[in-house]
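Enquirer: Structure file entry_5.pdb (PDB, C-alpha atoms) is given on the next line.
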ATOM      1  CA  MET A  21     137.371 169.581 150.180
ATOM      2  CA  PRO A  22     139.774 167.002 148.674
ATOM      3  CA  ASP A  23     140.964 169.602 146.142
ATOM      4  CA  LEU A  24     141.491 172.141 148.922
ATOM      5  CA  GLN A  25     143.384 169.627 151.060
ATOM      6  CA  ALA A  26     145.620 168.833 148.115
ATOM      7  CA  ALA A  27     146.306 172.531 147.501
ATOM      8  CA  ILE A  28     147.166 173.048 151.170
ATOM      9  CA  ALA A  29     149.453 170.018 151.167
ATOM     10  CA  ARG A  30     151.336 171.313 148.108
ATOM     11  CA  ALA A  31     151.734 174.790 149.590
ATOM     12  CA  ALA A  32     152.690 173.623 153.094
ATOM     13  CA  GLY A  33     154.904 170.741 152.005
ATOM     14  CA  ALA A  34     153.147 168.119 154.137
ATOM     15  CA  GLN A  35     150.003 166.011 153.951
ATOM     16  CA  VAL A  36     146.829 167.194 155.681
ATOM     17  CA  ARG A  37     145.872 164.922 158.562
ATOM     18  CA  ARG A  38     142.791 166.773 159.804
ATOM     19  CA  MET A  39     140.780 169.930 158.961
ATOM     20  CA  SER A  40     138.034 171.665 160.908
ATOM     21  CA  THR A  41     136.019 174.806 160.198
ATOM     22  CA  LEU A  42     136.699 178.006 162.149
ATOM     23  CA  SER A  43     134.414 181.002 162.599
ATOM     24  CA  GLY A  44     135.049 184.301 160.817
ATOM     25  CA  GLY A  45     136.260 184.687 157.285
ATOM     26  CA  CYS A  46     134.756 187.797 155.728
ATOM     27  CA  VAL A  47     136.386 187.058 152.365
ATOM     28  CA  GLY A  48     136.630 183.261 152.497
ATOM     29  CA  ASP A  49     136.176 180.069 154.488
ATOM     30  CA  VAL A  50     138.582 179.521 157.394
ATOM     31  CA  TYR A  51     139.983 176.205 158.572
ATOM     32  CA  ARG A  52     142.239 174.827 161.265
ATOM     33  CA  VAL A  53     144.630 172.459 159.518
ATOM     34  CA  GLU A  54     146.660 169.742 161.231
ATOM     35  CA  LEU A  55     149.529 168.415 159.118
ATOM     36  CA  ALA A  56     151.204 165.023 159.153
ATOM     37  CA  ASP A  57     154.497 166.647 160.197
ATOM     38  CA  GLY A  58     152.897 167.944 163.434
ATOM     39  CA  ARG A  59     152.334 171.560 162.438
ATOM     40  CA  THR A  60     148.989 173.283 162.962
ATOM     41  CA  LEU A  61     148.080 176.013 160.482
ATOM     42  CA  VAL A  62     145.176 178.248 159.553
ATOM     43  CA  ALA A  63     143.963 178.232 155.953
ATOM     44  CA  LYS A  64     141.644 180.752 154.339
ATOM     45  CA  ALA A  65     140.117 179.673 151.040
ATOM     46  CA  GLY A  66     138.258 181.940 148.632
ATOM     47  CA  ASP A  67     137.738 182.601 144.958
ATOM     48  CA  ALA A  68     140.240 184.244 142.621
ATOM     49  CA  ASP A  69     138.871 187.704 143.494
ATOM     50  CA  SER A  70     138.848 187.258 147.267
ATOM     51  CA  GLY A  71     141.964 189.343 147.855
ATOM     52  CA  LEU A  72     143.565 186.826 150.194
ATOM     53  CA  GLY A  73     146.898 187.573 148.558
ATOM     54  CA  ILE A  74     146.540 191.175 149.728
ATOM     55  CA  GLU A  75     145.887 189.979 153.272
ATOM     56  CA  GLY A  76     149.074 187.942 153.087
ATOM     57  CA  TYR A  77     150.961 190.982 151.799
ATOM     58  CA  MET A  78     149.701 193.072 154.727
ATOM     59  CA  LEU A  79     150.735 190.462 157.298
ATOM     60  CA  ASP A  80     154.172 190.243 155.705
ATOM     61  CA  TYR A  81     154.445 194.042 155.683
ATOM     62  CA  LEU A  82     153.689 194.233 159.403
ATOM     63  CA  ALA A  83     156.211 191.467 160.100
ATOM     64  CA  SER A  84     158.970 193.211 158.160
ATOM     65  CA  HIS A  85     158.273 196.787 159.314
ATOM     66  CA  SER A  86     157.237 196.310 162.957
ATOM     67  CA  ALA A  87     157.354 194.023 165.976
ATOM     68  CA  LEU A  88     153.559 193.632 166.105
ATOM     69  CA  PRO A  89     152.772 189.966 166.825
ATOM     70  CA  GLY A  90     150.679 188.121 164.285
ATOM     71  CA  PRO A  91     150.487 184.940 162.242
ATOM     72  CA  LYS A  92     153.388 184.156 159.917
ATOM     73  CA  VAL A  93     152.459 183.699 156.288
ATOM     74  CA  VAL A  94     153.234 180.223 154.908
ATOM     75  CA  HIS A  95     151.564 180.725 151.515
ATOM     76  CA  ALA A  96     149.661 183.648 149.999
ATOM     77  CA  ALA A  97     147.627 183.642 146.796
ATOM     78  CA  ASN A  98     144.345 185.316 145.942
ATOM     79  CA  ASP A  99     142.410 182.081 146.449
ATOM     80  CA  LEU A 100     144.373 180.565 149.347
ATOM     81  CA  LEU A 101     146.133 182.030 152.377
ATOM     82  CA  ILE A 102     147.949 179.759 154.830
ATOM     83  CA  MET A 103     149.259 181.053 158.157
ATOM     84  CA  THR A 104     150.717 179.751 161.373
ATOM     85  CA  TRP A 105     148.305 178.872 164.156
ATOM     86  CA  ILE A 106     148.174 181.169 167.211
ATOM     87  CA  GLU A 107     147.182 179.601 170.515
ATOM     88  CA  THR A 108     144.529 181.595 172.396
ATOM     89  CA  SER A 109     142.831 181.599 175.784
ATOM     90  CA  GLY A 110     140.702 184.185 177.551
ATOM     91  CA  GLY A 111     139.842 187.674 176.414
ATOM     92  CA  LEU A 112     140.873 191.299 176.710
ATOM     93  CA  SER A 113     141.562 191.484 180.426
ATOM     94  CA  ALA A 114     143.077 194.617 181.949
ATOM     95  CA  GLY A 115     146.534 193.047 181.619
ATOM     96  CA  ALA A 116     145.969 192.146 177.975
ATOM     97  CA  GLN A 117     144.756 195.673 177.263
ATOM     98  CA  ARG A 118     147.875 197.186 178.792
ATOM     99  CA  HIS A 119     149.992 194.810 176.698
ATOM    100  CA  ALA A 120     148.023 195.851 173.615
ATOM    101  CA  ALA A 121     148.798 199.495 174.424
ATOM    102  CA  ASP A 122     152.526 198.698 174.540
ATOM    103  CA  LEU A 123     152.339 196.918 171.188
ATOM    104  CA  LEU A 124     150.251 199.529 169.386
ATOM    105  CA  ALA A 125     152.296 202.427 170.745
ATOM    106  CA  ALA A 126     155.380 200.718 169.276
ATOM    107  CA  LEU A 127     153.564 200.133 165.969
ATOM    108  CA  HIS A 128     152.508 203.779 165.785
ATOM    109  CA  ALA A 129     156.122 204.818 166.335
ATOM    110  CA  VAL A 130     156.882 203.329 162.893
ATOM    111  CA  THR A 131     156.549 206.324 160.603
ATOM    112  CA  GLY A 132     156.581 207.074 156.884
ATOM    113  CA  ASP A 133     157.080 210.108 154.685
ATOM    114  CA  SER A 134     153.460 210.329 153.470
ATOM    115  CA  PHE A 135     149.983 209.070 154.280
ATOM    116  CA  GLY A 136     148.782 205.972 152.462
ATOM    117  CA  LEU A 137     150.726 202.918 151.335
ATOM    118  CA  GLU A 138     152.602 201.556 148.339
ATOM    119  CA  LYS A 139     149.482 199.712 147.136
ATOM    120  CA  SER A 140     145.747 199.515 147.734
ATOM    121  CA  THR A 141     144.546 197.142 150.435
ATOM    122  CA  LEU A 142     141.255 195.772 151.774
ATOM    123  CA  ILE A 143     139.071 196.293 154.808
ATOM    124  CA  GLY A 144     136.314 193.758 155.400
ATOM    125  CA  GLY A 145     136.817 192.588 151.833
ATOM    126  CA  LEU A 146     136.223 196.115 150.478
ATOM    127  CA  HIS A 147     138.693 198.053 148.326
ATOM    128  CA  GLN A 148     140.779 200.515 150.355
ATOM    129  CA  PRO A 149     142.741 202.985 148.173
ATOM    130  CA  ASN A 150     146.043 204.241 149.580
ATOM    131  CA  PRO A 151     147.646 206.736 147.177
ATOM    132  CA  TRP A 152     150.601 208.486 148.788
ATOM    133  CA  THR A 153     149.298 211.844 150.040
ATOM    134  CA  ALA A 154     151.225 214.653 151.710
ATOM    135  CA  ARG A 155     148.406 215.939 153.957
ATOM    136  CA  TRP A 156     146.430 213.767 156.365
ATOM    137  CA  ILE A 157     143.246 215.809 156.057
ATOM    138  CA  ASP A 158     143.261 215.364 152.276
ATOM    139  CA  PHE A 159     143.854 211.621 152.591
ATOM    140  CA  PHE A 160     141.209 211.035 155.254
ATOM    141  CA  ARG A 161     138.649 213.139 153.384
ATOM    142  CA  ASP A 162     139.183 211.756 149.882
ATOM    143  CA  GLN A 163     140.424 208.183 150.366
ATOM    144  CA  ARG A 164     138.409 207.268 153.423
ATOM    145  CA  LEU A 165     135.194 209.243 154.001
ATOM    146  CA  LEU A 166     134.292 210.283 150.454
ATOM    147  CA  HIS A 167     135.543 207.059 148.880
ATOM    148  CA  MET A 168     133.619 204.751 151.219
ATOM    149  CA  GLY A 169     130.564 206.995 151.215
ATOM    150  CA  GLY A 170     130.496 206.897 147.424
ATOM    151  CA  GLN A 171     130.922 203.122 147.382
ATOM    152  CA  ALA A 172     128.116 202.698 149.916
ATOM    153  CA  LEU A 173     125.870 204.839 147.703
ATOM    154  CA  LYS A 174     126.693 202.671 144.661
ATOM    155  CA  ALA A 175     125.842 199.600 146.724
ATOM    156  CA  ALA A 176     122.417 201.158 147.455
ATOM    157  CA  GLN A 177     123.177 201.119 151.182
ATOM    158  CA  LEU A 178     123.675 204.865 151.808
ATOM    159  CA  PRO A 179     120.941 207.371 150.878
ATOM    160  CA  ALA A 180     122.000 210.122 148.465
ATOM    161  CA  ARG A 181     120.871 212.789 150.935
ATOM    162  CA  THR A 182     123.213 211.342 153.578
ATOM    163  CA  LEU A 183     126.135 211.397 151.159
ATOM    164  CA  THR A 184     125.347 215.060 150.441
ATOM    165  CA  ARG A 185     125.529 215.779 154.174
ATOM    166  CA  LEU A 186     128.815 213.846 154.401
ATOM    167  CA  GLU A 187     130.286 215.841 151.518
ATOM    168  CA  ALA A 188     129.334 219.105 153.215
ATOM    169  CA  PHE A 189     130.939 217.925 156.454
ATOM    170  CA  CYS A 190     134.115 216.902 154.609
ATOM    171  CA  GLY A 191     134.407 220.445 153.289
ATOM    172  CA  ARG A 192     134.844 221.646 156.889
ATOM    173  CA  LEU A 193     137.121 218.938 158.299
ATOM    174  CA  GLU A 194     139.918 221.376 159.070
ATOM    175  CA  LYS A 195     137.735 222.881 161.790
ATOM    176  CA  TRP A 196     138.259 219.732 163.884
ATOM    177  CA  ILE A 197     141.158 217.746 162.354
ATOM    178  CA  GLU A 198     144.784 218.833 162.481
ATOM    179  CA  GLU A 199     147.875 217.392 160.866
ATOM    180  CA  PRO A 200     149.692 214.820 163.056
ATOM    181  CA  ALA A 201     153.424 215.032 163.701
ATOM    182  CA  ALA A 202     154.123 212.204 161.233
ATOM    183  CA  PRO A 203     152.324 209.428 159.333
ATOM    184  CA  SER A 204     152.188 206.318 161.545
ATOM    185  CA  LEU A 205     151.800 202.704 160.497
ATOM    186  CA  ILE A 206     148.480 201.346 161.759
ATOM    187  CA  HIS A 207     146.835 197.918 161.832
ATOM    188  CA  GLY A 208     143.685 199.510 160.476
ATOM    189  CA  ASP A 209     140.928 197.120 161.614
ATOM    190  CA  MET A 210     141.162 197.246 165.373
ATOM    191  CA  TRP A 211     138.142 195.450 166.784
ATOM    192  CA  THR A 212     137.876 192.620 169.298
ATOM    193  CA  GLY A 213     137.604 189.813 166.747
ATOM    194  CA  ASN A 214     141.016 190.734 165.331
ATOM    195  CA  VAL A 215     142.822 190.708 168.691
ATOM    196  CA  LEU A 216     143.939 187.287 169.925
ATOM    197  CA  CYS A 217     144.742 186.868 173.621
ATOM    198  CA  HIS A 218     146.515 184.207 175.639
ATOM    199  CA  ARG A 219     146.902 184.271 179.432
ATOM    200  CA  ASP A 220     146.435 188.029 179.905
ATOM    201  CA  ARG A 221     148.737 188.850 176.999
ATOM    202  CA  ILE A 222     148.212 189.664 173.351
ATOM    203  CA  ALA A 223     149.056 186.608 171.267
ATOM    204  CA  GLY A 224     148.579 188.311 167.923
ATOM    205  CA  PHE A 225     146.639 190.710 165.725
ATOM    206  CA  VAL A 226     144.948 189.352 162.599
ATOM    207  CA  ASP A 227     143.041 190.633 159.525
ATOM    208  CA  PRO A 228     144.911 193.942 159.102
ATOM    209  CA  ALA A 229     143.930 196.826 156.823
ATOM    210  CA  ILE A 230     147.242 198.667 156.983
ATOM    211  CA  TYR A 231     148.334 202.122 155.850
ATOM    212  CA  TYR A 232     150.188 205.149 157.242
ATOM    213  CA  ALA A 233     147.768 207.447 159.048
ATOM    214  CA  ASP A 234     147.121 209.622 162.044
ATOM    215  CA  PRO A 235     147.244 206.927 164.757
ATOM    216  CA  GLU A 236     144.166 208.487 166.351
ATOM    217  CA  VAL A 237     142.066 206.841 163.637
ATOM    218  CA  GLU A 238     143.177 203.459 165.031
ATOM    219  CA  LEU A 239     142.478 204.475 168.612
ATOM    220  CA  ALA A 240     139.024 205.685 167.663
ATOM    221  CA  PHE A 241     138.171 202.406 165.932
ATOM    222  CA  ALA A 242     139.252 200.543 169.071
ATOM    223  CA  THR A 243     136.420 202.249 170.990
ATOM    224  CA  LEU A 244     133.656 201.821 168.392
ATOM    225  CA  PHE A 245     132.685 198.295 169.452
ATOM    226  CA  GLY A 246     134.199 198.412 172.935
ATOM    227  CA  THR A 247     137.465 196.663 172.100
ATOM    228  CA  PHE A 248     139.679 198.667 174.468
ATOM    229  CA  GLY A 249     138.804 200.660 177.566
ATOM    230  CA  GLN A 250     140.433 202.514 180.423
ATOM    231  CA  PRO A 251     143.388 200.108 181.049
ATOM    232  CA  PHE A 252     144.438 200.423 177.418
ATOM    233  CA  PHE A 253     144.102 204.187 177.138
ATOM    234  CA  GLU A 254     145.814 204.938 180.445
ATOM    235  CA  ARG A 255     148.831 202.909 179.370
ATOM    236  CA  TYR A 256     148.848 204.220 175.786
ATOM    237  CA  ASN A 257     148.624 207.802 177.033
ATOM    238  CA  ASP A 258     151.678 207.224 179.230
ATOM    239  CA  LEU A 259     153.633 206.124 176.167
ATOM    240  CA  ARG A 260     152.178 208.432 173.508
ATOM    241  CA  PRO A 261     150.161 211.243 175.090
ATOM    242  CA  LEU A 262     146.849 211.901 173.366
ATOM    243  CA  ARG A 263     146.227 215.378 172.029
ATOM    244  CA  PRO A 264     143.369 217.346 173.625
ATOM    245  CA  GLY A 265     140.015 216.875 171.943
ATOM    246  CA  PHE A 266     140.381 213.242 170.909
ATOM    247  CA  PHE A 267     137.631 211.788 173.087
ATOM    248  CA  GLU A 268     135.488 214.909 172.884
ATOM    249  CA  GLU A 269     135.408 215.337 169.079
ATOM    250  CA  ARG A 270     137.889 213.542 166.865
ATOM    251  CA  ARG A 271     137.018 210.023 168.033
ATOM    252  CA  ASP A 272     133.511 210.332 166.566
ATOM    253  CA  ILE A 273     134.828 211.942 163.377
ATOM    254  CA  TYR A 274     137.361 209.174 162.797
ATOM    255  CA  ASN A 275     134.767 206.496 163.499
ATOM    256  CA  LEU A 276     132.748 207.715 160.537
ATOM    257  CA  TYR A 277     135.070 205.622 158.373
ATOM    258  CA  PRO A 278     134.451 202.204 159.993
ATOM    259  CA  LEU A 279     130.774 203.124 160.242
ATOM    260  CA  LEU A 280     130.702 203.762 156.485
ATOM    261  CA  VAL A 281     132.423 200.409 155.943
ATOM    262  CA  HIS A 282     129.616 198.783 157.925
ATOM    263  CA  VAL A 283     127.016 200.783 155.989
ATOM    264  CA  HIS A 284     128.481 199.417 152.747
ATOM    265  CA  LEU A 285     128.442 195.855 154.097
ATOM    266  CA  PHE A 286     125.240 195.833 156.152
ATOM    267  CA  GLY A 287     123.273 199.096 155.791
ATOM    268  CA  GLY A 288     120.481 199.350 158.353
ATOM    269  CA  SER A 289     121.223 200.922 161.716
ATOM    270  CA  TYR A 290     124.733 201.918 160.666
ATOM    271  CA  VAL A 291     123.228 204.562 158.375
ATOM    272  CA  ARG A 292     121.527 206.118 161.378
ATOM    273  CA  SER A 293     124.827 206.060 163.289
ATOM    274  CA  VAL A 294     126.502 208.017 160.478
ATOM    275  CA  GLU A 295     123.626 210.487 160.409
ATOM    276  CA  ARG A 296     123.784 211.024 164.186
ATOM    277  CA  THR A 297     127.473 211.882 163.968
ATOM    278  CA  LEU A 298     126.881 214.308 161.106
ATOM    279  CA  SER A 299     124.058 215.947 163.064
ATOM    280  CA  ARG A 300     126.291 216.282 166.104
ATOM    281  CA  PHE A 301     128.703 218.411 164.069
ATOM    282  CA  GLY A 302     125.963 220.495 162.476
ATOM    283  CA  PHE A 303     125.457 218.701 159.145
TER     284      PHE A 303
END
How does this structure look as structure tokens?
Expert:
Amino acid sequence: MPDLQAAIARAAGAQVRRMSTLSGGCVGDVYRVELADGRTLVAKAGDADSGLGIEGYMLDYLASHSALPGPKVVHAANDLLIMTWIETSGGLSAGAQRHAADLLAALHAVTGDSFGLEKSTLIGGLHQPNPWTARWIDFFRDQRLLHMGGQALKAAQLPARTLTRLEAFCGRLEKWIEEPAAPSLIHGDMWTGNVLCHRDRIAGFVDPAIYYADPEVELAFATLFGTFGQPFFERYNDLRPLRPGFFEERRDIYNLYPLLVHVHLFGGSYVRSVERTLSRFGF
């Protein structure tokens, strides 16, 4: 701890007065840091391979390419990420959900020329490849479903027979998935723990896994663990009308990716969730 406090003091330009442990931190330990100059920061500390520098890059990218609220990066290195503190209170009330819809609709209006990103990123500490790709179906198939399925197999978390079923399903994606109007910038890891609220408003989004995508993949993820409900989707639909078939079919297809991430990390019941979705579509 003294070495970490010294590193934080050097990076922040002020002595550390007090530190306390925070929950979370998939790729490192997280601390609330109070400095002698009155600032309160958040520090994530990990090893040299933790990828915290990539998290800092993603936060900076969102700050420079969108108006999405989030922590400001004070220092970013692979073993130490320091960010501004965001005050929170309460949870995802109906008002906060409507505010989230406004913010994410504006984020999704930021478009690129291709799907992917200028560099690979991380999701839950796992490698997320983002080679620029002209077609969304090709990107989602190869860089999301097949990539994460293959990695989960290598981690001995996904049975080979399930990967075979996934590969067969991926060969028929065009039956259900169509090309969006344009690649949209997405946060990429839209679950409740990454959405910070304060007095019925969104205070900030944290832990991004950004790339340019069909924004429906973000909306689908937001339903997987019950992050957003009717207030969010009514407001979002007013701003960016959803294409027919999202809730009926494509939501479950797009949620195969976060499910495969969870298979890689945790295995267990998430494998059965993947298999149920594949069975639903005949594979």
Enquirer: Evaluate the PyMOL selection byres ((chain A and resi 35-45) around 12) and record the selected residues as number ranges by chain, following the chain and residue labels used in the document.
Expert: A: 21-34, 46-66, 70-72, 75, 101, 105, 144-145, 213-214, 226-227
Enquirer: The selected residues should be written to file as a PDB file, in the frame of the given file (atoms: C-alpha atoms).
Expert:
ATOM      1  CA  MET A  21     137.371 169.581 150.180  1.00  0.00           C
ATOM      2  CA  PRO A  22     139.774 167.002 148.674  1.00  0.00           C
ATOM      3  CA  ASP A  23     140.964 169.602 146.142  1.00  0.00           C
ATOM      4  CA  LEU A  24     141.491 172.141 148.922  1.00  0.00           C
ATOM      5  CA  GLN A  25     143.384 169.627 151.060  1.00  0.00           C
ATOM      6  CA  ALA A  26     145.620 168.833 148.115  1.00  0.00           C
ATOM      7  CA  ALA A  27     146.306 172.531 147.501  1.00  0.00           C
ATOM      8  CA  ILE A  28     147.166 173.048 151.170  1.00  0.00           C
ATOM      9  CA  ALA A  29     149.453 170.018 151.167  1.00  0.00           C
ATOM     10  CA  ARG A  30     151.336 171.313 148.108  1.00  0.00           C
ATOM     11  CA  ALA A  31     151.734 174.790 149.590  1.00  0.00           C
ATOM     12  CA  ALA A  32     152.690 173.623 153.094  1.00  0.00           C
ATOM     13  CA  GLY A  33     154.904 170.741 152.005  1.00  0.00           C
ATOM     14  CA  ALA A  34     153.147 168.119 154.137  1.00  0.00           C
ATOM     15  CA  CYS A  46     134.756 187.797 155.728  1.00  0.00           C
ATOM     16  CA  VAL A  47     136.386 187.058 152.365  1.00  0.00           C
ATOM     17  CA  GLY A  48     136.630 183.261 152.497  1.00  0.00           C
ATOM     18  CA  ASP A  49     136.176 180.069 154.488  1.00  0.00           C
ATOM     19  CA  VAL A  50     138.582 179.521 157.394  1.00  0.00           C
ATOM     20  CA  TYR A  51     139.983 176.205 158.572  1.00  0.00           C
ATOM     21  CA  ARG A  52     142.239 174.827 161.265  1.00  0.00           C
ATOM     22  CA  VAL A  53     144.630 172.459 159.518  1.00  0.00           C
ATOM     23  CA  GLU A  54     146.660 169.742 161.231  1.00  0.00           C
ATOM     24  CA  LEU A  55     149.529 168.415 159.118  1.00  0.00           C
ATOM     25  CA  ALA A  56     151.204 165.023 159.153  1.00  0.00           C
ATOM     26  CA  ASP A  57     154.497 166.647 160.197  1.00  0.00           C
ATOM     27  CA  GLY A  58     152.897 167.944 163.434  1.00  0.00           C
ATOM     28  CA  ARG A  59     152.334 171.560 162.438  1.00  0.00           C
ATOM     29  CA  THR A  60     148.989 173.283 162.962  1.00  0.00           C
ATOM     30  CA  LEU A  61     148.080 176.013 160.482  1.00  0.00           C
ATOM     31  CA  VAL A  62     145.176 178.248 159.553  1.00  0.00           C
ATOM     32  CA  ALA A  63     143.963 178.232 155.953  1.00  0.00           C
ATOM     33  CA  LYS A  64     141.644 180.752 154.339  1.00  0.00           C
ATOM     34  CA  ALA A  65     140.117 179.673 151.040  1.00  0.00           C
ATOM     35  CA  GLY A  66     138.258 181.940 148.632  1.00  0.00           C
ATOM     36  CA  SER A  70     138.848 187.258 147.267  1.00  0.00           C
ATOM     37  CA  GLY A  71     141.964 189.343 147.855  1.00  0.00           C
ATOM     38  CA  LEU A  72     143.565 186.826 150.194  1.00  0.00           C
ATOM     39  CA  GLU A  75     145.887 189.979 153.272  1.00  0.00           C
ATOM     40  CA  LEU A 101     146.133 182.030 152.377  1.00  0.00           C
ATOM     41  CA  TRP A 105     148.305 178.872 164.156  1.00  0.00           C
ATOM     42  CA  GLY A 144     136.314 193.758 155.400  1.00  0.00           C
ATOM     43  CA  GLY A 145     136.817 192.588 151.833  1.00  0.00           C
ATOM     44  CA  GLY A 213     137.604 189.813 166.747  1.00  0.00           C
ATOM     45  CA  ASN A 214     141.016 190.734 165.331  1.00  0.00           C
ATOM     46  CA  VAL A 226     144.948 189.352 162.599  1.00  0.00           C
ATOM     47  CA  ASP A 227     143.041 190.633 159.525  1.00  0.00           C
TER      48      ASP A 227
END
Enquirer: Considering all atoms listed in the file, state which residue in the set A:Ser299, A:Arg255, A:Gly288, A:His147 is at the smallest distance from A:Pro179.
Expert: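 Ranked by minimum distance to A:Pro179, first place goes to A:Gly288.
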Enquirer: Name all residues at most 8 Å from A:Gly115 (count all atoms listed in the file; drop same-chain ones fewer than 3 positions away) and give them as a list in words.
Expert: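 In the requested format, the answer is Leu112, Arg118, His119, Asp220, Arg221 and Pro251 of chain A.
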Enquirer: Which one is closest to A:Thr212: A:Val281, A:Leu183, A:Ala120, A:Leu137? Count only C-alpha atoms.
Expert: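 Of A:Val281, A:Leu183, A:Ala120, A:Leu137, the one nearest A:Thr212 is A:Ala120, counting only C-alpha atoms.
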Enquirer: Quick one: residues within 8 Å of stretch 190-199 of chain A, all atoms listed in the file, excluding same-chain residues fewer than 6 positions away - as a PyMOL selection string?
Expert: chain A and resi 155-157+161+165-166+234+269-270
Enquirer: For A:Ser84, which residue among A:Ala96, A:Ala114, A:Leu280, A:Val130 is the nearest when counting all atoms listed in the file?
Expert: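 Looking at the shortest contact to A:Ser84, the residue is A:Val130.
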Enquirer: A:Arg292, A:Ile230, A:Gln148, A:Leu186: which is nearest A:Asp80, counting all atoms listed in the file?
Expert: A:Ile230
Enquirer: Smallest atom-to-atom distance to A:Thr141: which of A:Tyr256, A:Phe225, A:Phe266, A:Tyr81, using only C-alpha atoms?
Expert: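 Selected residue with least distance to A:Thr141: A:Tyr81.
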Enquirer: Using the chain letters and numbers from the file, give me the residues hit by the PyMOL selection byres ((chain A and resi 92) around 7), as an NGL selection string.
Expert: :A and (90-91 or 93-94 or 103-104)
Enquirer: Keeping only C-alpha atoms, write the selected residues as a PDB file, in the frame of the given file.
Expert:
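Result went into result.pdb, see below:
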ATOM      1  CA  GLY A  90     150.679 188.121 164.285  1.00  0.00           C
ATOM      2  CA  PRO A  91     150.487 184.940 162.242  1.00  0.00           C
ATOM      3  CA  VAL A  93     152.459 183.699 156.288  1.00  0.00           C
ATOM      4  CA  VAL A  94     153.234 180.223 154.908  1.00  0.00           C
ATOM      5  CA  MET A 103     149.259 181.053 158.157  1.00  0.00           C
ATOM      6  CA  THR A 104     150.717 179.751 161.373  1.00  0.00           C
TER       7      THR A 104
END
Enquirer: Could you list, as number ranges by chain, every residue matched by the PyMOL selection byres ((chain A and resi 242) around 10) in this structure?
Expert: A: 208-212, 236-241, 243-249, 252, 271, 275
Enquirer: Using all atoms listed in the file, find the one residue out of A:Tyr290, A:Phe301, A:Tyr77, A:Tyr232 that sits nearest to A:Gly136.
Expert: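 Closest to A:Gly136 of all the choices is A:Tyr232.
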Enquirer: If you measure from atom CA of A:Phe135 to atom CA of A:Phe160, what distance in Å do you get, rounded to one decimal?
Expert: 9.0 Å
Enquirer: Near A:Leu216, counting only C-alpha atoms, which residues have an atom at most 7 Å away, once you skip same-chain residues fewer than 5 positions from it, shown as a PDB file with C-alpha atoms, in the coordinates of the input?
Expert:
ATOM      1  CA  THR A 108     144.529 181.595 172.396  1.00  0.00           C
ATOM      2  CA  ILE A 222     148.212 189.664 173.351  1.00  0.00           C
ATOM      3  CA  ALA A 223     149.056 186.608 171.267  1.00  0.00           C
ATOM      4  CA  GLY A 224     148.579 188.311 167.923  1.00  0.00           C
ATOM      5  CA  PHE A 225     146.639 190.710 165.725  1.00  0.00           C
TER       6      PHE A 225
END
Enquirer: How far is it from atom CA of A:Tyr277 to atom CA of A:Leu124, in Å with one decimal?
Expert: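 Straight-line distance from atom CA of A:Tyr277 to atom CA of A:Leu124 works out to 19.7 Å.
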Enquirer: Counting all atoms listed in the file, which residues come within 10 Å of (155.2, 211.9, 163.0), with the point read in the file's coordinates, and could you list them as a VMD selection string?
Expert: chain A and resid 128 to 134 199 to 204 233 to 235
Enquirer: Atom CA of A:Phe303 and atom CA of A:Pro264 are how many Å apart?
Expert: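 These atoms are spaced 23.1 Å apart.
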Enquirer: Could you pull the residues within 9 Å of A:Gln171, counting only C-alpha atoms, minus those fewer than 6 positions along the same chain, as a list in words?
Expert: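 Counting only the stated atoms, we get Gln177, Leu178 and His284 of chain A.
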